[in-house]
>>> print(open('final05.cif').read())   # mmCIF, C-alpha atoms
data_start
#
loop_
_atom_site.label_atom_id
_atom_site.label_comp_id
_atom_site.auth_asym_id
_atom_site.auth_seq_id
_atom_site.Cartn_x
_atom_site.Cartn_y
_atom_site.Cartn_z
CA MET A 237 71.45 76.19 -88.76
CA LYS A 238 72.10 74.62 -85.40
CA ALA A 239 74.66 71.80 -85.57
CA ARG A 240 73.35 68.42 -84.58
CA ARG A 241 74.93 67.07 -81.44
CA ARG A 242 76.50 63.66 -81.95
CA LEU A 243 75.14 61.25 -79.41
CA GLY A 244 76.75 58.11 -78.13
CA PRO A 245 76.63 56.11 -74.91
CA ARG A 246 79.58 56.43 -72.58
CA ARG A 247 78.75 53.04 -71.12
CA VAL A 248 77.02 50.52 -73.34
CA VAL A 249 75.29 47.57 -71.71
CA ARG A 250 76.33 44.51 -73.71
CA ALA A 251 74.51 41.29 -74.34
CA GLY A 252 74.92 38.80 -71.53
CA THR A 253 74.63 41.38 -68.80
CA ALA A 254 71.49 42.08 -66.85
CA PRO A 255 70.75 45.81 -66.53
CA SER A 256 69.41 46.79 -63.14
CA LEU A 257 67.26 49.63 -61.91
CA ASP A 258 70.18 50.87 -59.82
CA GLY A 259 72.35 51.11 -62.92
CA ILE A 260 69.67 53.01 -64.82
CA LEU A 261 69.17 55.44 -61.95
CA ALA A 262 72.92 55.98 -61.69
CA ALA A 263 73.11 56.83 -65.41
CA VAL A 264 70.19 59.25 -65.16
CA ARG A 265 71.74 61.01 -62.15
CA ALA A 266 75.13 61.20 -63.83
CA HIS A 267 73.76 62.82 -66.99
CA HIS A 268 71.01 64.88 -65.32
CA PRO A 269 72.24 65.95 -61.86
CA GLY A 270 69.46 67.05 -59.56
CA SER A 271 66.72 65.48 -61.65
CA ASP A 272 63.85 63.67 -59.96
CA THR A 273 64.36 59.93 -60.49
CA ALA A 274 61.27 58.87 -58.52
CA PRO A 275 59.19 58.58 -61.74
CA VAL A 276 61.80 56.20 -63.17
CA GLU A 277 61.48 53.97 -60.10
CA ARG A 278 57.69 54.06 -60.38
CA ALA A 279 57.88 53.23 -64.09
CA CYS A 280 60.04 50.20 -63.35
CA ALA A 281 57.52 48.94 -60.79
CA GLU A 282 54.67 49.63 -63.22
CA ALA A 283 56.38 47.67 -66.00
CA ALA A 284 57.05 44.75 -63.65
CA PHE A 285 53.41 44.74 -62.58
CA TRP A 286 51.90 44.71 -66.08
CA HIS A 287 54.43 42.30 -67.57
CA GLU A 288 54.23 39.89 -64.64
CA GLY A 289 54.15 36.30 -65.87
CA GLN A 290 55.24 37.22 -69.40
CA ARG A 291 58.40 35.56 -70.69
CA ARG A 292 60.74 36.18 -73.58
CA ARG A 293 61.76 33.37 -75.92
CA SER A 294 64.98 33.10 -73.91
CA GLY A 295 62.91 32.18 -70.84
CA ASP A 296 63.80 35.45 -69.10
CA ALA A 297 61.09 37.53 -67.47
CA TYR A 298 59.81 40.08 -70.01
CA VAL A 299 60.65 42.99 -67.71
CA THR A 300 64.36 42.30 -68.34
CA HIS A 301 63.80 43.60 -71.89
CA CYS A 302 62.20 46.77 -70.52
CA LEU A 303 65.20 47.31 -68.23
CA ALA A 304 67.65 46.71 -71.07
CA VAL A 305 65.93 49.21 -73.38
CA ALA A 306 65.79 51.80 -70.59
CA ALA A 307 69.49 51.25 -69.83
CA ILE A 308 70.40 51.99 -73.45
CA VAL A 309 68.24 55.13 -73.44
CA ALA A 310 69.72 56.32 -70.13
CA ASP A 311 73.27 55.76 -71.42
CA LEU A 312 72.43 57.91 -74.42
CA ARG A 313 71.82 60.76 -71.94
CA LEU A 314 68.10 61.10 -72.64
CA PRO A 315 66.12 62.77 -69.81
CA PRO A 316 64.12 60.90 -67.15
CA HIS A 317 60.76 61.11 -68.90
CA VAL A 318 62.18 59.30 -71.95
CA VAL A 319 63.70 56.64 -69.68
CA CYS A 320 60.24 56.18 -68.15
CA ALA A 321 58.78 55.75 -71.63
CA ALA A 322 61.47 53.16 -72.43
CA LEU A 323 60.57 51.14 -69.34
CA LEU A 324 56.90 51.24 -70.30
CA HIS A 325 57.23 51.09 -74.08
CA ASP A 326 55.33 47.77 -74.43
CA VAL A 327 52.67 48.05 -71.73
CA LEU A 328 49.98 49.56 -73.94
CA GLU A 329 50.56 47.16 -76.82
CA ASP A 330 51.25 43.91 -74.93
CA THR A 331 49.26 44.18 -71.70
CA ALA A 332 45.83 45.27 -70.48
CA CYS A 333 47.18 48.52 -69.03
CA PRO A 334 44.66 51.34 -69.65
CA PRO A 335 46.20 54.31 -71.49
CA ARG A 336 44.58 56.68 -69.01
CA ARG A 337 46.56 55.09 -66.18
CA ILE A 338 49.83 56.05 -67.85
CA VAL A 339 48.63 59.63 -68.29
CA ASP A 340 47.51 59.87 -64.67
CA ARG A 341 50.65 58.33 -63.18
CA PHE A 342 53.38 59.62 -65.52
CA GLY A 343 51.94 62.54 -67.43
CA ARG A 344 50.87 63.24 -70.97
CA GLU A 345 54.43 63.63 -72.26
CA VAL A 346 55.41 60.06 -71.31
CA ALA A 347 52.08 58.66 -72.52
CA ASP A 348 52.45 60.33 -75.93
CA VAL A 349 55.92 58.88 -76.44
CA ILE A 350 54.73 55.37 -75.51
CA ALA A 351 51.72 55.63 -77.84
CA ALA A 352 53.92 56.81 -80.72
CA VAL A 353 56.49 54.05 -80.14
CA GLY A 354 53.76 51.51 -80.77
CA THR A 355 52.68 53.06 -84.08
CA ALA A 356 55.60 54.95 -85.63
CA GLU A 357 57.64 53.43 -88.45
CA VAL A 358 61.36 54.06 -88.21
CA SER A 359 61.48 54.52 -91.99
CA GLN A 360 59.41 57.69 -91.66
CA TYR A 361 62.47 59.41 -90.15
CA TRP A 362 64.57 58.69 -93.23
CA GLN A 363 64.04 59.90 -96.76
CA GLY A 364 66.30 60.49 -99.71
CA GLY A 365 69.47 59.59 -97.78
CA ARG A 366 68.93 62.04 -94.95
CA ALA A 367 67.23 62.26 -91.58
CA ILE A 368 63.99 64.24 -91.65
CA MET A 369 63.42 64.54 -87.90
CA PRO A 370 63.77 67.94 -86.23
CA VAL A 371 67.27 68.68 -84.97
CA SER A 372 67.01 68.52 -81.19
CA ASP A 373 69.26 68.80 -78.17
CA VAL A 374 69.42 65.56 -76.22
CA VAL A 375 68.59 67.28 -72.94
CA ARG A 376 65.31 68.54 -74.37
CA PRO A 377 64.51 66.13 -77.19
CA SER A 378 61.49 66.54 -79.37
CA ARG A 379 58.83 63.86 -79.12
CA GLU A 380 60.00 62.54 -82.49
CA MET A 381 63.57 62.18 -81.27
CA ALA A 382 62.42 60.50 -78.04
CA VAL A 383 60.30 58.01 -79.99
CA LEU A 384 63.14 57.27 -82.39
CA VAL A 385 65.66 56.62 -79.60
CA VAL A 386 63.31 54.20 -77.83
CA ARG A 387 62.63 52.36 -81.11
CA LEU A 388 66.35 52.06 -81.84
CA ALA A 389 67.09 50.88 -78.29
CA ASP A 390 64.31 48.31 -78.58
CA ARG A 391 65.75 46.97 -81.85
CA LEU A 392 69.28 46.96 -80.42
CA HIS A 393 68.35 44.78 -77.45
CA ASN A 394 66.27 42.49 -79.66
CA LEU A 395 69.30 41.99 -81.91
CA ARG A 396 71.49 41.25 -78.90
CA THR A 397 69.14 38.39 -78.03
CA ILE A 398 68.19 37.38 -81.58
CA THR A 399 69.56 33.81 -81.29
CA PHE A 400 66.28 32.77 -79.66
CA LEU A 401 64.28 33.61 -82.80
CA ALA A 402 63.67 31.22 -85.67
CA ARG A 403 66.28 31.52 -88.41
CA ALA A 404 63.83 32.97 -90.93
CA LYS A 405 62.87 35.76 -88.52
CA GLN A 406 66.52 36.42 -87.73
CA LEU A 407 67.25 37.01 -91.41
CA LEU A 408 64.21 39.25 -91.83
CA LYS A 409 65.14 41.39 -88.81
CA ALA A 410 68.78 41.59 -89.89
CA HIS A 411 67.94 42.81 -93.40
CA GLU A 412 65.45 45.36 -92.05
CA THR A 413 68.02 46.61 -89.56
CA LEU A 414 70.67 47.17 -92.22
CA ASP A 415 68.24 48.75 -94.68
CA VAL A 416 66.39 51.06 -92.28
CA PHE A 417 67.58 51.20 -88.68
CA VAL A 418 71.32 51.62 -89.31
CA PRO A 419 70.99 54.57 -91.73
CA VAL A 420 68.48 56.31 -89.48
CA ALA A 421 70.65 55.84 -86.37
CA SER A 422 73.71 57.24 -88.13
CA ALA A 423 71.82 60.18 -89.62
CA ALA A 424 70.36 61.03 -86.22
CA GLY A 425 73.82 61.23 -84.68
CA LEU A 426 73.51 57.94 -82.81
CA GLU A 427 76.64 56.60 -84.44
CA SER A 428 77.62 54.10 -81.73
CA VAL A 429 74.13 52.60 -81.85
CA GLY A 430 74.27 52.43 -85.63
CA ARG A 431 77.63 50.64 -85.53
CA GLU A 432 76.44 48.02 -83.07
CA LEU A 433 73.22 47.48 -85.02
CA ARG A 434 75.23 46.99 -88.20
CA ASP A 435 77.68 44.58 -86.54
CA LEU A 436 74.94 42.47 -84.98
CA ALA A 437 72.82 42.35 -88.13
CA SER A 438 75.82 41.52 -90.30
CA ALA A 439 76.76 38.67 -87.95
CA VAL A 440 73.29 37.17 -88.42
CA LEU A 441 73.69 37.22 -92.20
CA ARG A 442 77.13 35.58 -92.19
CA PRO A 443 77.02 31.88 -93.13
CA VAL A 444 77.16 29.60 -90.09
CA PRO A 445 80.03 27.06 -90.24
CA SER A 446 78.68 23.52 -90.45
CA SER A 447 80.69 22.43 -87.40
CA TYR A 448 79.24 25.30 -85.41
CA ALA A 449 75.69 24.32 -86.41
CA VAL A 450 76.29 20.68 -85.41
CA THR A 451 77.79 21.51 -82.04
CA GLY A 452 75.01 24.03 -81.43
CA ARG A 453 72.37 21.37 -82.04
CA LEU A 454 74.17 18.98 -79.68
CA LEU A 455 74.13 21.62 -76.95
CA THR A 456 70.40 22.08 -77.48
CA VAL A 457 69.92 18.33 -77.05
CA CYS A 458 71.94 18.47 -73.82
CA THR A 459 69.50 20.95 -72.32
CA LEU A 460 66.75 18.30 -72.52
CA LEU A 461 68.49 16.55 -69.62
CA LEU A 462 68.03 19.60 -67.42
CA PRO A 463 64.93 20.76 -65.49
CA SER A 464 62.68 22.68 -67.88
CA VAL A 465 62.94 25.94 -65.93
CA GLN A 466 66.74 25.87 -66.27
CA ARG A 467 67.03 25.00 -69.96
CA ALA A 468 66.87 28.50 -71.46
CA ARG A 469 69.51 29.80 -69.07
CA TRP A 470 72.00 27.02 -69.78
CA GLN A 471 71.30 27.14 -73.52
CA GLU A 472 72.20 30.84 -73.48
CA GLU A 473 75.35 30.29 -71.40
CA TRP A 474 76.59 27.35 -73.47
CA SER A 475 75.89 29.18 -76.73
CA ALA A 476 77.85 32.21 -75.51
CA ASP A 477 80.77 29.97 -74.46
CA LEU A 478 80.65 28.13 -77.79
CA ALA A 479 80.86 31.42 -79.69
CA GLU A 480 84.17 32.22 -77.96
CA HIS A 481 85.87 29.20 -79.58
CA THR A 482 87.15 30.13 -83.01
CA THR A 483 88.09 26.71 -84.44
CA GLY A 484 86.05 23.60 -85.14
CA ARG A 485 88.35 21.50 -82.95
CA ALA A 486 87.94 23.84 -79.99
CA ARG A 487 84.15 23.85 -80.42
CA THR A 488 84.10 20.06 -80.56
CA ARG A 489 86.16 19.74 -77.37
CA PHE A 490 83.91 22.18 -75.57
CA THR A 491 80.78 20.34 -76.71
CA LEU A 492 82.20 16.99 -75.55
CA ARG A 493 82.90 18.47 -72.10
CA VAL A 494 79.31 19.66 -71.90
CA LEU A 495 77.98 16.28 -73.04
CA LEU A 496 80.00 14.45 -70.40
CA GLY A 497 79.08 16.87 -67.65
CA ALA A 498 75.38 17.30 -68.46
CA PRO A 499 74.13 14.24 -66.47
CA ARG A 500 75.90 15.39 -63.31
CA LEU A 501 74.70 18.96 -63.82
CA SER A 502 71.15 17.65 -64.20
CA MET A 503 71.40 15.75 -60.90
CA THR A 504 72.77 18.83 -59.15
CA LEU A 505 70.00 21.08 -60.43
CA ARG A 506 67.28 18.62 -59.45
CA ARG A 507 68.62 17.89 -55.96
CA PRO A 508 67.00 20.90 -54.18
CA SER A 509 63.54 19.99 -55.50
CA ARG A 510 63.93 16.47 -54.09
CA ARG A 511 64.70 17.82 -50.64
CA GLU A 512 61.64 20.05 -50.85
CA ARG A 513 59.44 17.03 -51.69
CA ARG A 514 60.78 15.18 -48.65
#
>>> encode(input="final05.cif", output="structure tokens")
Amino acid sequence: MKARRRLGPRRVVRAGTAPSLDGILAAVRAHHPGSDTAPVERACAEAAFWHEGQRRRSGDAYVTHCLAVAAIVADLRLPPHVVCAALLHDVLEDTACPPRRIVDRFGREVADVIAAVGTAEVSQYWQGGRAIMPVSDVVRPSREMAVLVVRLADRLHNLRTITFLARAKQLLKAHETLDVFVPVASAAGLESVGRELRDLASAVLRPVPSSYAVTGRLLTVCTLLLPSVQRARWQEEWSADLAEHTTGRARTRFTLRVLLGAPRLSMTLRRPSRRERR
């Protein structure tokens, strides 16, 4: 029996960073020298076209999620056609893109992976404490393996940005991740992905200190002083900064600094629009 190759990203894109097409292309070229990356560039443009105007709950353009999922897949050394599928994994389900267009522009292989991503249940790859997918080399993954990796990458990025979901949904996603996604990732040899999924899901389920909840709500109130288009960005930045403070006193001091500086920040952010009106 052929031994399963243990997969793991050499460079993991963490939450708070913005994956770029250049970074994805660099990862593909590093892991697959001489491969044609033109389809990956076309897939990025296609995703941007169909997701134009769509926003995530964070306020970011939806295509940033597509880029993040593709970056995870590329770092896991999957071949270009799977990276294309990662970039386009939501176009059939969430946009008016005709399925035939994907077949014509990217081929049946990519289209089949995208279609399966939208319908496959991750739990189907796990039964009786073991993975039931075919053992496959990462360079030439089976369709099942390609679909699974895209699904896991999608869940990983969604967990990295889970703070923008309602608390009830956060808890539901966290429990599902620990019960299904983590065991499947580990059994499939994606141990680094499984570890990060477990860490992120476990963090969601940990009780939130009362002082942290209070300061977090105050920061949310502060964003109401800012222009609406800037609120999601500053909420994300302030929340990330708040998480770095480990004591209630430090969190309180940080929140007071934000409260005192929010009016001036608001004036600064609004100043360019005033000049434009003049």
>>> atom_distance(input="final05.cif", atom1="CA of Glu412 in chain A", atom2="CA of Ala306 in chain A")
22.4 Å
>>> residues_around(input="final05.cif", residues="Val383 in chain A", least_positions_apart="4", cutoff="7 Å", atoms="all atoms listed in the file", output="MDAnalysis selection string")
chainID A and resid 349 352:353 379 387
>>> closest_residue(input="final05.cif", among="A:His317, A:Arg487, A:His481, A:Arg493", to="Thr273 in chain A", atoms="only C-alpha atoms")
A:His317
>>> resolve_selection(input="final05.cif", expression="the PyMOL selection byres ((chain A and resi 279-288) around 9)", output="mmCIF file with C-alpha atoms, in the coordinates of the input")
data_model
loop_
_atom_site.group_PDB
_atom_site.id
_atom_site.type_symbol
_atom_site.label_atom_id
_atom_site.label_comp_id
_atom_site.auth_asym_id
_atom_site.auth_seq_id
_atom_site.Cartn_x
_atom_site.Cartn_y
_atom_site.Cartn_z
ATOM 1 C CA LEU A 257 67.260 49.630 -61.910
ATOM 2 C CA ALA A 274 61.270 58.870 -58.520
ATOM 3 C CA PRO A 275 59.190 58.580 -61.740
ATOM 4 C CA VAL A 276 61.800 56.200 -63.170
ATOM 5 C CA GLU A 277 61.480 53.970 -60.100
ATOM 6 C CA ARG A 278 57.690 54.060 -60.380
ATOM 7 C CA GLY A 289 54.150 36.300 -65.870
ATOM 8 C CA GLN A 290 55.240 37.220 -69.400
ATOM 9 C CA ARG A 291 58.400 35.560 -70.690
ATOM 10 C CA ALA A 297 61.090 37.530 -67.470
ATOM 11 C CA TYR A 298 59.810 40.080 -70.010
ATOM 12 C CA VAL A 299 60.650 42.990 -67.710
ATOM 13 C CA CYS A 302 62.200 46.770 -70.520
ATOM 14 C CA LEU A 303 65.200 47.310 -68.230
ATOM 15 C CA VAL A 319 63.700 56.640 -69.680
ATOM 16 C CA CYS A 320 60.240 56.180 -68.150
ATOM 17 C CA ALA A 321 58.780 55.750 -71.630
ATOM 18 C CA LEU A 323 60.570 51.140 -69.340
ATOM 19 C CA LEU A 324 56.900 51.240 -70.300
ATOM 20 C CA HIS A 325 57.230 51.090 -74.080
ATOM 21 C CA ASP A 326 55.330 47.770 -74.430
ATOM 22 C CA VAL A 327 52.670 48.050 -71.730
ATOM 23 C CA ASP A 330 51.250 43.910 -74.930
ATOM 24 C CA THR A 331 49.260 44.180 -71.700
ATOM 25 C CA ALA A 332 45.830 45.270 -70.480
ATOM 26 C CA CYS A 333 47.180 48.520 -69.030
ATOM 27 C CA ARG A 341 50.650 58.330 -63.180
ATOM 28 C CA PHE A 342 53.380 59.620 -65.520
#
>>> atom_distance(input="final05.cif", atom1="CA of Val418 in chain A", atom2="CA of Leu384 in chain A")
12.1 Å
>>> residues_around(input="final05.cif", residues="range 260-262 of chain A", least_positions_apart="2", cutoff="7 Å", atoms="all atoms listed in the file", output="list in words")
Ser256, Leu257, Asp258, Val264, Arg265, Ala266, Thr273, Ala307 and Ala310 of chain A
>>> residues_around(input="final05.cif", residues="Leu460 in chain A", least_positions_apart="6", cutoff="12 Å", atoms="all atoms listed in the file", output="PyMOL selection string")
chain A and resi 453-454+466-468+470-471+495+498-499+501-502
>>> atom_distance(input="final05.cif", atom1="CA of Arg431 in chain A", atom2="CA of Val346 in chain A")
28.0 Å
>>> residues_around(input="final05.cif", residues="Val305 in chain A", least_positions_apart="3", cutoff="8 Å", atoms="all atoms listed in the file", output="list in words")
His301, Cys302, Ile308, Val309, Ala322, Leu323, Val386, Ala389, Asp390 and His393 of chain A
>>> write_last_selection(input="final05.cif", atoms="C-alpha atoms", output="PDB file, in the coordinates of the input")
ATOM      1  CA  HIS A 301      63.800  43.600 -71.890  1.00  0.00           C
ATOM      2  CA  CYS A 302      62.200  46.770 -70.520  1.00  0.00           C
ATOM      3  CA  ILE A 308      70.400  51.990 -73.450  1.00  0.00           C
ATOM      4  CA  VAL A 309      68.240  55.130 -73.440  1.00  0.00           C
ATOM      5  CA  ALA A 322      61.470  53.160 -72.430  1.00  0.00           C
ATOM      6  CA  LEU A 323      60.570  51.140 -69.340  1.00  0.00           C
ATOM      7  CA  VAL A 386      63.310  54.200 -77.830  1.00  0.00           C
ATOM      8  CA  ALA A 389      67.090  50.880 -78.290  1.00  0.00           C
ATOM      9  CA  ASP A 390      64.310  48.310 -78.580  1.00  0.00           C
ATOM     10  CA  HIS A 393      68.350  44.780 -77.450  1.00  0.00           C
TER      11      HIS A 393
END
>>> resolve_selection(input="final05.cif", expression="the PyMOL selection byres ((chain A and resi 437) around 10)", output="PyMOL selection string")
chain A and resi 392+395-396+398+406-414+418+431-436+438-442
>>> axis_aligned_box(input="final05.cif", around="range 279-284 of chain A", padding_each_side="8 Å", output="lines of an AutoDock Vina configuration file")
center_x = 57.4
center_y = 49.0
center_z = -63.4
size_x = 21.4
size_y = 24.5
size_z = 21.2
>>> residues_around(input="final05.cif", residues="Pro335 in chain A", least_positions_apart="3", cutoff="10 Å", atoms="all atoms listed in the file", output="PyMOL selection string")
chain A and resi 327-329+332+338-340+347-348+350-351
>>> decode(input="final05.cif", residues="range 259-274 of chain A", atoms="N, CA and C atoms", output="mmCIF file, in the first residue's frame")
data_model
loop_
_atom_site.group_PDB
_atom_site.id
_atom_site.type_symbol
_atom_site.label_atom_id
_atom_site.label_comp_id
_atom_site.auth_asym_id
_atom_site.auth_seq_id
_atom_site.Cartn_x
_atom_site.Cartn_y
_atom_site.Cartn_z
ATOM 1 N N GLY A 259 1.629 36.764 -4.807
ATOM 2 C CA GLY A 259 2.058 35.754 -3.849
ATOM 3 C C GLY A 259 1.589 34.362 -4.220
ATOM 4 N N ILE A 260 0.362 34.273 -4.723
ATOM 5 C CA ILE A 260 -0.173 32.975 -5.150
ATOM 6 C C ILE A 260 0.629 32.435 -6.332
ATOM 7 N N LEU A 261 0.903 33.291 -7.295
ATOM 8 C CA LEU A 261 1.679 32.861 -8.462
ATOM 9 C C LEU A 261 3.075 32.416 -8.055
ATOM 10 N N ALA A 262 3.672 33.130 -7.115
ATOM 11 C CA ALA A 262 5.014 32.768 -6.658
ATOM 12 C C ALA A 262 5.001 31.389 -6.005
ATOM 13 N N ALA A 263 3.963 31.096 -5.213
ATOM 14 C CA ALA A 263 3.861 29.784 -4.572
ATOM 15 C C ALA A 263 3.667 28.680 -5.607
ATOM 16 N N VAL A 264 2.834 28.934 -6.601
ATOM 17 C CA VAL A 264 2.605 27.934 -7.651
ATOM 18 C C VAL A 264 3.902 27.654 -8.408
ATOM 19 N N ARG A 265 4.625 28.707 -8.768
ATOM 20 C CA ARG A 265 5.887 28.519 -9.507
ATOM 21 C C ARG A 265 6.944 27.826 -8.680
ATOM 22 N N ALA A 266 6.950 28.096 -7.368
ATOM 23 C CA ALA A 266 7.943 27.462 -6.499
ATOM 24 C C ALA A 266 7.692 25.965 -6.382
ATOM 25 N N HIS A 267 6.433 25.568 -6.268
ATOM 26 C CA HIS A 267 6.093 24.164 -6.075
ATOM 27 C C HIS A 267 5.928 23.408 -7.389
ATOM 28 N N HIS A 268 5.664 24.128 -8.477
ATOM 29 C CA HIS A 268 5.455 23.494 -9.784
ATOM 30 C C HIS A 268 6.239 24.256 -10.844
ATOM 31 N N PRO A 269 7.575 24.155 -10.822
ATOM 32 C CA PRO A 269 8.405 24.892 -11.787
ATOM 33 C C PRO A 269 8.019 24.542 -13.223
ATOM 34 N N GLY A 270 7.946 25.569 -14.043
ATOM 35 C CA GLY A 270 7.628 25.363 -15.450
ATOM 36 C C GLY A 270 6.153 25.232 -15.744
ATOM 37 N N SER A 271 5.314 25.263 -14.732
ATOM 38 C CA SER A 271 3.879 25.150 -14.978
ATOM 39 C C SER A 271 3.332 26.447 -15.562
ATOM 40 N N ASP A 272 2.242 26.330 -16.287
ATOM 41 C CA ASP A 272 1.594 27.495 -16.899
ATOM 42 C C ASP A 272 0.696 28.159 -15.846
ATOM 43 N N THR A 273 1.053 29.377 -15.463
ATOM 44 C CA THR A 273 0.267 30.087 -14.442
ATOM 45 C C THR A 273 -0.748 31.053 -15.053
ATOM 46 N N ALA A 274 -0.797 31.112 -16.385
ATOM 47 C CA ALA A 274 -1.765 32.016 -17.026
ATOM 48 C C ALA A 274 -3.207 31.696 -16.609
#
